[in-house]
Protein chains: 4
Amino acid sequence: VNDSQLFGALFSRSAVTVDDAAWLQAMLDTEAGLARAAERAGLAPSGSGAAVTSAASVRFFDNGAIGAAAAATGNPVPALVRALIGVLPAEQADAGQAIHLGATSQDIIDTAAMLIARRVLDELLTDLAAAASACADLTREHATTVMAGRTLLQQAVPITFGLVTAGWLTAIDEARQQLHYVRTHRLAIQYGGAAGTMATLRDEGPRVAEYLAGELELALPVLPWHTNRSRILDLAAALTQTCTALGKLARDVTLLAQTEVQELAEGGAPGTGGSSTMPHKQNPVASTLILGNTKQAPNLYATLATAAAEQEHQRAAGSWHAEWLPLTALLNRTTTATTWATTLLQGLQINPVKMRQNLDLTHGLLMAENLATLLTPHLGRLKAHDLIEQASSRATGNNTDLVTALYEDNEASAKLAATPLSRDQLAASLTPTTYLGATQQFIDRALQAHESVDHQLA
Amino acid sequence: VNDSQLFGALFSRSAVTVDDAAWLQAMLDTEAGLARAAERAGLAPSGSGAAVTSAASVRFFDNGAIGAAAAATGNPVPALVRALIGVLPAEQADAGQAIHLGATSQDIIDTAAMLIARRVLDELLTDLAAAASACADLTREHATTVMAGRTLLQQAVPITFGLVTAGWLTAIDEARQQLHYVRTHRLAIQYGGAAGTMATLRDEGPRVAEYLAGELELALPVLPWHTNRSRILDLAAALTQTCTALGKLARDVTLLAQTEVQELAEGGAPGTGGSSTMPHKQNPVASTLILGNTKQAPNLYATLATAAAEQEHQRAAGSWHAEWLPLTALLNRTTTATTWATTLLQGLQINPVKMRQNLDLTHGLLMAENLATLLTPHLGRLKAHDLIEQASSRATGNNTDLVTALYEDNEASAKLAATPLSRDQLAASLTPTTYLGATQQFIDRALQAHESVDHQLA
Amino acid sequence: VNDSQLFGALFSRSAVTVDDAAWLQAMLDTEAGLARAAERAGLAPSGSGAAVTSAASVRFFDNGAIGAAAAATGNPVPALVRALIGVLPAEQADAGQAIHLGATSQDIIDTAAMLIARRVLDELLTDLAAAASACADLTREHATTVMAGRTLLQQAVPITFGLVTAGWLTAIDEARQQLHYVRTHRLAIQYGGAAGTMATLRDEGPRVAEYLAGELELALPVLPWHTNRSRILDLAAALTQTCTALGKLARDVTLLAQTEVQELAEGGAPGTGGSSTMPHKQNPVASTLILGNTKQAPNLYATLATAAAEQEHQRAAGSWHAEWLPLTALLNRTTTATTWATTLLQGLQINPVKMRQNLDLTHGLLMAENLATLLTPHLGRLKAHDLIEQASSRATGNNTDLVTALYEDNEASAKLAATPLSRDQLAASLTPTTYLGATQQFIDRALQAHESVDHQLA
Amino acid sequence: VNDSQLFGALFSRSAVTVDDAAWLQAMLDTEAGLARAAERAGLAPSGSGAAVTSAASVRFFDNGAIGAAAAATGNPVPALVRALIGVLPAEQADAGQAIHLGATSQDIIDTAAMLIARRVLDELLTDLAAAASACADLTREHATTVMAGRTLLQQAVPITFGLVTAGWLTAIDEARQQLHYVRTHRLAIQYGGAAGTMATLRDEGPRVAEYLAGELELALPVLPWHTNRSRILDLAAALTQTCTALGKLARDVTLLAQTEVQELAEGGAPGTGGSSTMPHKQNPVASTLILGNTKQAPNLYATLATAAAEQEHQRAAGSWHAEWLPLTALLNRTTTATTWATTLLQGLQINPVKMRQNLDLTHGLLMAENLATLLTPHLGRLKAHDLIEQASSRATGNNTDLVTALYEDNEASAKLAATPLSRDQLAASLTPTTYLGATQQFIDRALQAHESVDHQLA
């Protein structure tokens, strides 16, 4: 699992990192919960639960030794179980009966994965709430900050920066809802024994399972899910969705921060984004690393889904094992992207002057659609379109504005004279702020939806 | 899109296939819905909605001509719009004002994708209900049909075939719930105009959008989602989940139908699965083709998720276009896998005799865990385990049963004599039917959950 | 297989499209080659080869009927064989003995795939040679056209546009070499019979195989490769590599064509890239569609590789079937991206004036590294870096050039006075053309390498 | 990077593991090579190369500190460079001029990746040679060990186990050739400076590059490949190919080791594959973990290819960073799968008796094709096929052999009497060893090809 010190600050940056210690503790927590459940079911001596729970702390265990022993059995659980029994004080040795009771290795690892997922989801939900809140602030603040809307990387028609951030906000809020759904509905214990029948417990299995779910505060599934990996996939889909939302946002920032655009800049602490050789440079480090993390998500999901579809019989040979590293990676990449996004959003520098300058780069060409709309009732759609298309071409060539270019043409000039429209009215149609359509309504709607998500997830 | 006649029976087999005609009609339905919405909003002449709706039928259009024109603009909508205007009867020419009103090409294609998704989801939900029902029948019928549970492709402990099908059932039911959620909550119109502001409609946009959603019976989104592809990903995740459930089921069938296992056989019509050169052969065609379809799903999702994260600004250059074929493929692969699964499940032949024979292949070794459980209180866990491990090895070597092998050893024999356990009691512990644990409880639970899903989706 | 008329101009645009007809003809060509080989081996009546070859033309066959029959056997070959026998004139009926002799369905489909791959590779190699040639022309023409080099989407130091196109050229040339290698070394017949032993031919199999390879001009493999899919993967990797090279190129074009950058524009026929509602717009249609195609490649490869690793025993249940559509899609996406790229490169409009203007946007900040190099021997690396960093900040704030900003500071001014460097020398260091390093050497090397690739592939 | 102690024995098991230390040392080796090159080019004081080389050892550096500093710049190189300068003894401080001369961070990380790849490829080539050799031994030993050939998981016609291992051998040998090609042709230095022009070195860059390539024994590329990732993809494709070959082999082993098949067993050390609760169990641990590793490869490739296609301009924002972890993972998964495969192959237990028993399971049905071939000249293809098909069905129903079943039918019996064929001849046609076709020829060919690969790679 990812413990890298060298790359950790870039790819495993969250307060909650899934590493060896996290896995080991989660497996121990599962065994401890099982011991308490066993005692409660009367299948282990009184005091077993507490004894095992006391023993089940990573600080008593040697990851290296357990890991080394894993090769013989194909997973670390048997060695962990032996070590856990060994940690019990002599006077509590009979608590050993409660350890791993009725369980198979997969029960422990799968349940541990769910405990880990819960910690990660809690952290993600907190961090994404902060990110969403930062987006909402930007949205309110820049609801009327006009800039060029861009399609296929070309300026199209005006929008406001608040509409951009409203889009980011909505995507993050959708991710939050999906993560919250997985957090509250899809995290369940795994407890089925060797082949999903809990046969060693005779007919006591379901009762122990119920207690185990209660102890760990996870859901009780309809069936053991050893070879039905839908819970893993739902988790992975929600994480991928989160990465997608953040990746789009980071992509927008890198584009808007280009030297030739300069509408946004990453704030960052002094020194951040600097270059040792190019003193003038200010690299968009946070968005770069959001992308560096999020780009890994879709194929991590695909590995998990491929493995999920190949789970033979009651427990799989390989497809289950193929899950652990990609799932760990997906959890760490998502929390890290979120951490970077929070940093990015909280320090983002907006340059409304540059936004306006860029909007004016084309001397009103961006408003051609508006001008066409104005002329259509008087000239017909086709004629209006043609005249403006020709004028656009002249405006670009002569570096003048669109209305000037229109009047430079004799035919156009004559046609316009025959309409009730004044040149001032035409010139006014080139003002971007008059052509924002439903922008404000959309912004209001997005903010309202955000409040309702905040309320729902509170 | 996929129209293959040569491979269609294998990969595009559902009653609802997403092909050129489906896409074209869905785009026309979107334009027709928009025309009705425009009329209702007072932005188009009375009668426009009906006129455009009448004209908007695939039979009036030439896919080839529209497709050829698509290269100039990068998508087929502009050509479709021109053709649709051309189809209007002369006396209804002014209904042309209602066509494409305020829309951009992406509005039409995205909304069409949602209409297509709805048709596919409806078909899928119907077909999967039948598949689930067939699983439920098998589960009830074979609740007590004992067979070997298998882990890592080795026999482990006994289960029943009803428990296997209960697992399939639960996975299918989960997929149904997810598809149903997408069907009811995530299919929305796309309507934003050039850059998502609906600027050509001034402040009328949201009202037209509301009417359009009503006309098409799709949800009204908070914002246009031109570059927020979460709806596409939710759909794709649900389809991938469905493929995963079916793939696992098909994998189980191919394994249980092996010549050396023969616990299951595909029914199939006479001639199905035959080989021209090998007269004895009965290939598992349906499961093979379920796998042939479902194995394509995870990476189709990954393509969509990768594209979703790269949607620049207000509308993307390429990442949007990269969605159409994978989405179409994923829809067709999922419906086709479902169609094959329904065929498979309805004709599945179960061989309980063979199941029992296979269970006895190891002369009770499969019950070693049970025997160990019986001996542990008398011999201690470690000693019980060791004696049985040695006896297992002898039983395999001598081809005898486990209890016989146990008594062949002097030490074991002496130890056992000192316990209150009779040889008959030990022999009885090798009976698989006594060692099914919670199997029946799990089956009951899965059937109950199934009824509740049926009720919920009704 | 993809036959779409509606989307075909966008995604299946090459002169060589892999569709139903291509597959059917390739399967027929394989059967015809096999008939000729059988006759040559003395295993079929004289004249069989010619008779089957005459009959083996798509125009005699009904894709729909063959396709419909495919469902019973899981692939279209058995129905094709029956139909092919049926097409033989009565007087040549005994040529039927030569049809499908010793073959299994997979032999026919796999060999057909190789024949299809050859046609596609030939077309690709021709088209990519044209694309490379266009890149080489641009490289020669713009070897000294100075522009900003950009890293992390920020201007970094000067380069020339010829260096950019030299990079595109090198990548395309590498793809050509890889495709050529696959074309000449990795395309082989598949011929193994039911389980790869060619048992029905006793010991004649290898001789027939040798003749078959000769007839089809494909390599003779060491073994039948029914479950060793390395040839498919090598093909897929070369196609993915090609898509990668073209995707990078298209990404650069979309970025350099941005409204705020305008260093490049797509030429395109009149009307191409236009927008019905926005008369001023010129969308980069070709690069958008290159991206729309190439973004699908990596996960098509992943599906093929995943399937390749799951080929059970002698012939697989599902993993083989899962290959056909992704391979077809990958072939069509790659040829189409190449077609678009050729269009793009041949019409590409370069704007050297704008390149120079953009380079001057930062008033020499881009040359900070050069200035630092000049000052370092006199001031020490650290002091030089610090003074320039501060001056950069002032230059940006005051909108002046870097040297002016440097002299505005008293400390810097004093330090500089103590050096032998004149202000003119410093100012000269801000001239981009003096700071191109090895650009020309690299360009020469890339052009030389290109000539050698042309020569090698000729 | 993956340092897991807990899961390392399963997923990072090779003698050469790519971890933090490997990355750090490879970066230091790159800087040291560059210092030597700089000195050689006369751009750094005499002795610089040796001084930096002495300092460039991981034991002098603190991964944690360097990693923590990486967040500010987006990669660990700037901090590493500072630390490396700091490690120089005071009297060699001016060797610092040689450190990082003309380089950008990406030069160091990319070159380090190539150095790491070389170490991994060397180890892989050694380990795969051993695996191939084990396959060749099995092939020779079991050239005539008859077993059932299986297609679509059904018994088809006889083969030998030597043919199976010849298939594994050929696939491994192909992977070796591909890895060797990458090892010898595709590993190159990266050295381009900020934007690929090596501008800080004026026209000296290419000379330093040449020396650097010499020092590190890597190829000199035509151009810096900052945004042309074909070398990474070629490496990744070769690794994926290797995983594919091993995955197929492991899949075969898991299937042939099934309790109901038992033709193969993993040897393993005592205790390997055991189960704590099921004393009889012998899990195929090595094949399970081969699969657990190899199943991750295809989508790691896809992530790398997706990133490769999105490399903007001269150096990318995110797509480059997205490579490091997947590449590291792919290297470790491939070496680990190879390590497991070597273990597996060297301990593999073959059970020829069971192979023969399974072949006889169907009482000769497997030989139906052979019987049909014998009868066809006398009865016609159609009649022969029909009679055998019916007899097959009776044979299965009555549990008798195919010839017996044939004679039980009056029509068949009469037809056969009219032929010159005796019942003994017919019975003899059911002997599997007579129906192996080109098996031996193929085995000879595969062994010959293997020798030639060994020779080529020696």
# chains A, B, ... in the order shown; residues from 1 in each chain; ligands from 1
>>> interface_residues(of="chain A", to="chain B", cutoff="7 Å", atoms="only C-alpha atoms", output="PyMOL selection string")
chain A and resi 149-153+156-157+159+171+194-195+197-203+205-206+222-223+228+230+237+241+244-245+247-248+251-252+298-299+302+305-306+308-317+370+435-439+442+445-446
>>> select_by_dssp(residues="range 234-298 of chain C", states="helix (DSSP H, G or I)", output="ChimeraX atom specification")
/C:234-256,285-294,297-298
>>> select_by_dssp(residues="range 196-325 of chain B", states="strand (DSSP E or B)", output="list in words")
Ala219, Leu264, Ala265 and Arg315 of chain B
>>> residues_around(residues="Val353 in chain C", least_positions_apart="5", cutoff="10 Å", atoms="only C-alpha atoms", output="PyMOL selection string")
chain C and resi 145-147+262-263+358-359
>>> atom_distance(atom1="CA of Leu125 in chain A", atom2="CA of Arg176 in chain A")
6.3 Å
>>> decode(residues="range 81-119 of chain A", atoms="N, CA and C atoms", output="PDB file, in the first residue's frame")
ATOM      1  N   VAL A  81      -4.000 -13.251  12.694  1.00  0.00           N
ATOM      2  CA  VAL A  81      -4.779 -13.952  13.714  1.00  0.00           C
ATOM      3  C   VAL A  81      -3.832 -14.620  14.704  1.00  0.00           C
ATOM      4  N   ARG A  82      -2.807 -15.286  14.202  1.00  0.00           N
ATOM      5  CA  ARG A  82      -1.837 -15.900  15.114  1.00  0.00           C
ATOM      6  C   ARG A  82      -1.180 -14.847  16.006  1.00  0.00           C
ATOM      7  N   ALA A  83      -0.812 -13.724  15.385  1.00  0.00           N
ATOM      8  CA  ALA A  83      -0.152 -12.675  16.158  1.00  0.00           C
ATOM      9  C   ALA A  83      -1.090 -12.096  17.210  1.00  0.00           C
ATOM     10  N   LEU A  84      -2.339 -11.950  16.844  1.00  0.00           N
ATOM     11  CA  LEU A  84      -3.313 -11.367  17.780  1.00  0.00           C
ATOM     12  C   LEU A  84      -3.513 -12.293  18.973  1.00  0.00           C
ATOM     13  N   ILE A  85      -3.598 -13.581  18.727  1.00  0.00           N
ATOM     14  CA  ILE A  85      -3.711 -14.543  19.823  1.00  0.00           C
ATOM     15  C   ILE A  85      -2.475 -14.423  20.713  1.00  0.00           C
ATOM     16  N   GLY A  86      -1.330 -14.252  20.068  1.00  0.00           N
ATOM     17  CA  GLY A  86      -0.086 -14.168  20.823  1.00  0.00           C
ATOM     18  C   GLY A  86       0.007 -12.933  21.696  1.00  0.00           C
ATOM     19  N   VAL A  87      -0.693 -11.892  21.312  1.00  0.00           N
ATOM     20  CA  VAL A  87      -0.626 -10.644  22.073  1.00  0.00           C
ATOM     21  C   VAL A  87      -1.483 -10.692  23.340  1.00  0.00           C
ATOM     22  N   LEU A  88      -2.444 -11.589  23.381  1.00  0.00           N
ATOM     23  CA  LEU A  88      -3.318 -11.673  24.561  1.00  0.00           C
ATOM     24  C   LEU A  88      -2.476 -12.012  25.802  1.00  0.00           C
ATOM     25  N   PRO A  89      -2.715 -11.348  26.889  1.00  0.00           N
ATOM     26  CA  PRO A  89      -2.009 -11.711  28.121  1.00  0.00           C
ATOM     27  C   PRO A  89      -2.381 -13.142  28.521  1.00  0.00           C
ATOM     28  N   ALA A  90      -1.452 -13.828  29.172  1.00  0.00           N
ATOM     29  CA  ALA A  90      -1.681 -15.228  29.520  1.00  0.00           C
ATOM     30  C   ALA A  90      -3.015 -15.424  30.238  1.00  0.00           C
ATOM     31  N   GLU A  91      -3.352 -14.473  31.121  1.00  0.00           N
ATOM     32  CA  GLU A  91      -4.562 -14.675  31.930  1.00  0.00           C
ATOM     33  C   GLU A  91      -5.839 -14.483  31.113  1.00  0.00           C
ATOM     34  N   GLN A  92      -5.666 -13.967  29.920  1.00  0.00           N
ATOM     35  CA  GLN A  92      -6.861 -13.803  29.065  1.00  0.00           C
ATOM     36  C   GLN A  92      -6.767 -14.710  27.842  1.00  0.00           C
ATOM     37  N   ALA A  93      -5.966 -15.751  27.951  1.00  0.00           N
ATOM     38  CA  ALA A  93      -5.717 -16.602  26.789  1.00  0.00           C
ATOM     39  C   ALA A  93      -7.002 -17.192  26.216  1.00  0.00           C
ATOM     40  N   ASP A  94      -7.992 -17.436  27.083  1.00  0.00           N
ATOM     41  CA  ASP A  94      -9.191 -18.074  26.514  1.00  0.00           C
ATOM     42  C   ASP A  94     -10.039 -17.098  25.700  1.00  0.00           C
ATOM     43  N   ALA A  95      -9.693 -15.848  25.758  1.00  0.00           N
ATOM     44  CA  ALA A  95     -10.342 -14.897  24.837  1.00  0.00           C
ATOM     45  C   ALA A  95      -9.984 -15.242  23.390  1.00  0.00           C
ATOM     46  N   GLY A  96      -8.922 -16.024  23.231  1.00  0.00           N
ATOM     47  CA  GLY A  96      -8.516 -16.472  21.900  1.00  0.00           C
ATOM     48  C   GLY A  96      -9.646 -17.196  21.178  1.00  0.00           C
ATOM     49  N   GLN A  97     -10.528 -17.824  21.918  1.00  0.00           N
ATOM     50  CA  GLN A  97     -11.664 -18.516  21.290  1.00  0.00           C
ATOM     51  C   GLN A  97     -12.553 -17.563  20.504  1.00  0.00           C
ATOM     52  N   ALA A  98     -12.537 -16.307  20.912  1.00  0.00           N
ATOM     53  CA  ALA A  98     -13.406 -15.324  20.255  1.00  0.00           C
ATOM     54  C   ALA A  98     -12.794 -14.771  18.973  1.00  0.00           C
ATOM     55  N   ILE A  99     -11.476 -14.987  18.837  1.00  0.00           N
ATOM     56  CA  ILE A  99     -10.782 -14.382  17.700  1.00  0.00           C
ATOM     57  C   ILE A  99     -11.085 -15.157  16.415  1.00  0.00           C
ATOM     58  N   HIS A 100     -11.468 -14.407  15.396  1.00  0.00           N
ATOM     59  CA  HIS A 100     -11.691 -14.995  14.066  1.00  0.00           C
ATOM     60  C   HIS A 100     -12.822 -16.031  14.069  1.00  0.00           C
ATOM     61  N   LEU A 101     -13.660 -15.982  15.064  1.00  0.00           N
ATOM     62  CA  LEU A 101     -14.702 -17.001  15.221  1.00  0.00           C
ATOM     63  C   LEU A 101     -15.616 -17.074  13.995  1.00  0.00           C
ATOM     64  N   GLY A 102     -15.610 -18.216  13.389  1.00  0.00           N
ATOM     65  CA  GLY A 102     -16.500 -18.437  12.245  1.00  0.00           C
ATOM     66  C   GLY A 102     -16.109 -17.701  10.989  1.00  0.00           C
ATOM     67  N   ALA A 103     -14.984 -16.994  11.037  1.00  0.00           N
ATOM     68  CA  ALA A 103     -14.640 -16.113   9.906  1.00  0.00           C
ATOM     69  C   ALA A 103     -13.656 -16.758   8.944  1.00  0.00           C
ATOM     70  N   THR A 104     -13.643 -16.242   7.732  1.00  0.00           N
ATOM     71  CA  THR A 104     -12.596 -16.584   6.779  1.00  0.00           C
ATOM     72  C   THR A 104     -11.780 -15.312   6.545  1.00  0.00           C
ATOM     73  N   SER A 105     -10.612 -15.452   5.994  1.00  0.00           N
ATOM     74  CA  SER A 105      -9.746 -14.277   5.802  1.00  0.00           C
ATOM     75  C   SER A 105     -10.469 -13.156   5.071  1.00  0.00           C
ATOM     76  N   GLN A 106     -11.255 -13.531   4.050  1.00  0.00           N
ATOM     77  CA  GLN A 106     -11.906 -12.498   3.264  1.00  0.00           C
ATOM     78  C   GLN A 106     -12.892 -11.686   4.098  1.00  0.00           C
ATOM     79  N   ASP A 107     -13.512 -12.326   5.089  1.00  0.00           N
ATOM     80  CA  ASP A 107     -14.414 -11.574   5.971  1.00  0.00           C
ATOM     81  C   ASP A 107     -13.679 -10.420   6.634  1.00  0.00           C
ATOM     82  N   ILE A 108     -12.455 -10.705   7.050  1.00  0.00           N
ATOM     83  CA  ILE A 108     -11.708  -9.683   7.791  1.00  0.00           C
ATOM     84  C   ILE A 108     -11.242  -8.573   6.846  1.00  0.00           C
ATOM     85  N   ILE A 109     -10.713  -8.958   5.705  1.00  0.00           N
ATOM     86  CA  ILE A 109     -10.187  -7.930   4.792  1.00  0.00           C
ATOM     87  C   ILE A 109     -11.306  -7.079   4.199  1.00  0.00           C
ATOM     88  N   ASP A 110     -12.389  -7.719   3.812  1.00  0.00           N
ATOM     89  CA  ASP A 110     -13.500  -6.949   3.237  1.00  0.00           C
ATOM     90  C   ASP A 110     -14.114  -6.005   4.264  1.00  0.00           C
ATOM     91  N   THR A 111     -14.322  -6.505   5.484  1.00  0.00           N
ATOM     92  CA  THR A 111     -14.887  -5.621   6.503  1.00  0.00           C
ATOM     93  C   THR A 111     -13.908  -4.491   6.819  1.00  0.00           C
ATOM     94  N   ALA A 112     -12.634  -4.821   6.858  1.00  0.00           N
ATOM     95  CA  ALA A 112     -11.623  -3.771   7.083  1.00  0.00           C
ATOM     96  C   ALA A 112     -11.689  -2.715   5.987  1.00  0.00           C
ATOM     97  N   ALA A 113     -11.868  -3.169   4.746  1.00  0.00           N
ATOM     98  CA  ALA A 113     -11.977  -2.212   3.635  1.00  0.00           C
ATOM     99  C   ALA A 113     -13.152  -1.261   3.854  1.00  0.00           C
ATOM    100  N   MET A 114     -14.232  -1.808   4.404  1.00  0.00           N
ATOM    101  CA  MET A 114     -15.409  -0.957   4.646  1.00  0.00           C
ATOM    102  C   MET A 114     -15.142   0.051   5.769  1.00  0.00           C
ATOM    103  N   LEU A 115     -14.412  -0.385   6.796  1.00  0.00           N
ATOM    104  CA  LEU A 115     -14.073   0.546   7.878  1.00  0.00           C
ATOM    105  C   LEU A 115     -13.155   1.655   7.364  1.00  0.00           C
ATOM    106  N   ILE A 116     -12.206   1.248   6.542  1.00  0.00           N
ATOM    107  CA  ILE A 116     -11.313   2.232   5.927  1.00  0.00           C
ATOM    108  C   ILE A 116     -12.115   3.195   5.057  1.00  0.00           C
ATOM    109  N   ALA A 117     -13.006   2.642   4.251  1.00  0.00           N
ATOM    110  CA  ALA A 117     -13.828   3.480   3.378  1.00  0.00           C
ATOM    111  C   ALA A 117     -14.616   4.494   4.206  1.00  0.00           C
ATOM    112  N   ARG A 118     -15.116   4.052   5.356  1.00  0.00           N
ATOM    113  CA  ARG A 118     -15.897   4.988   6.167  1.00  0.00           C
ATOM    114  C   ARG A 118     -15.047   6.161   6.626  1.00  0.00           C
ATOM    115  N   ARG A 119     -13.843   5.853   7.089  1.00  0.00           N
ATOM    116  CA  ARG A 119     -12.961   6.951   7.527  1.00  0.00           C
ATOM    117  C   ARG A 119     -12.656   7.888   6.371  1.00  0.00           C
TER     118      ARG A 119
END
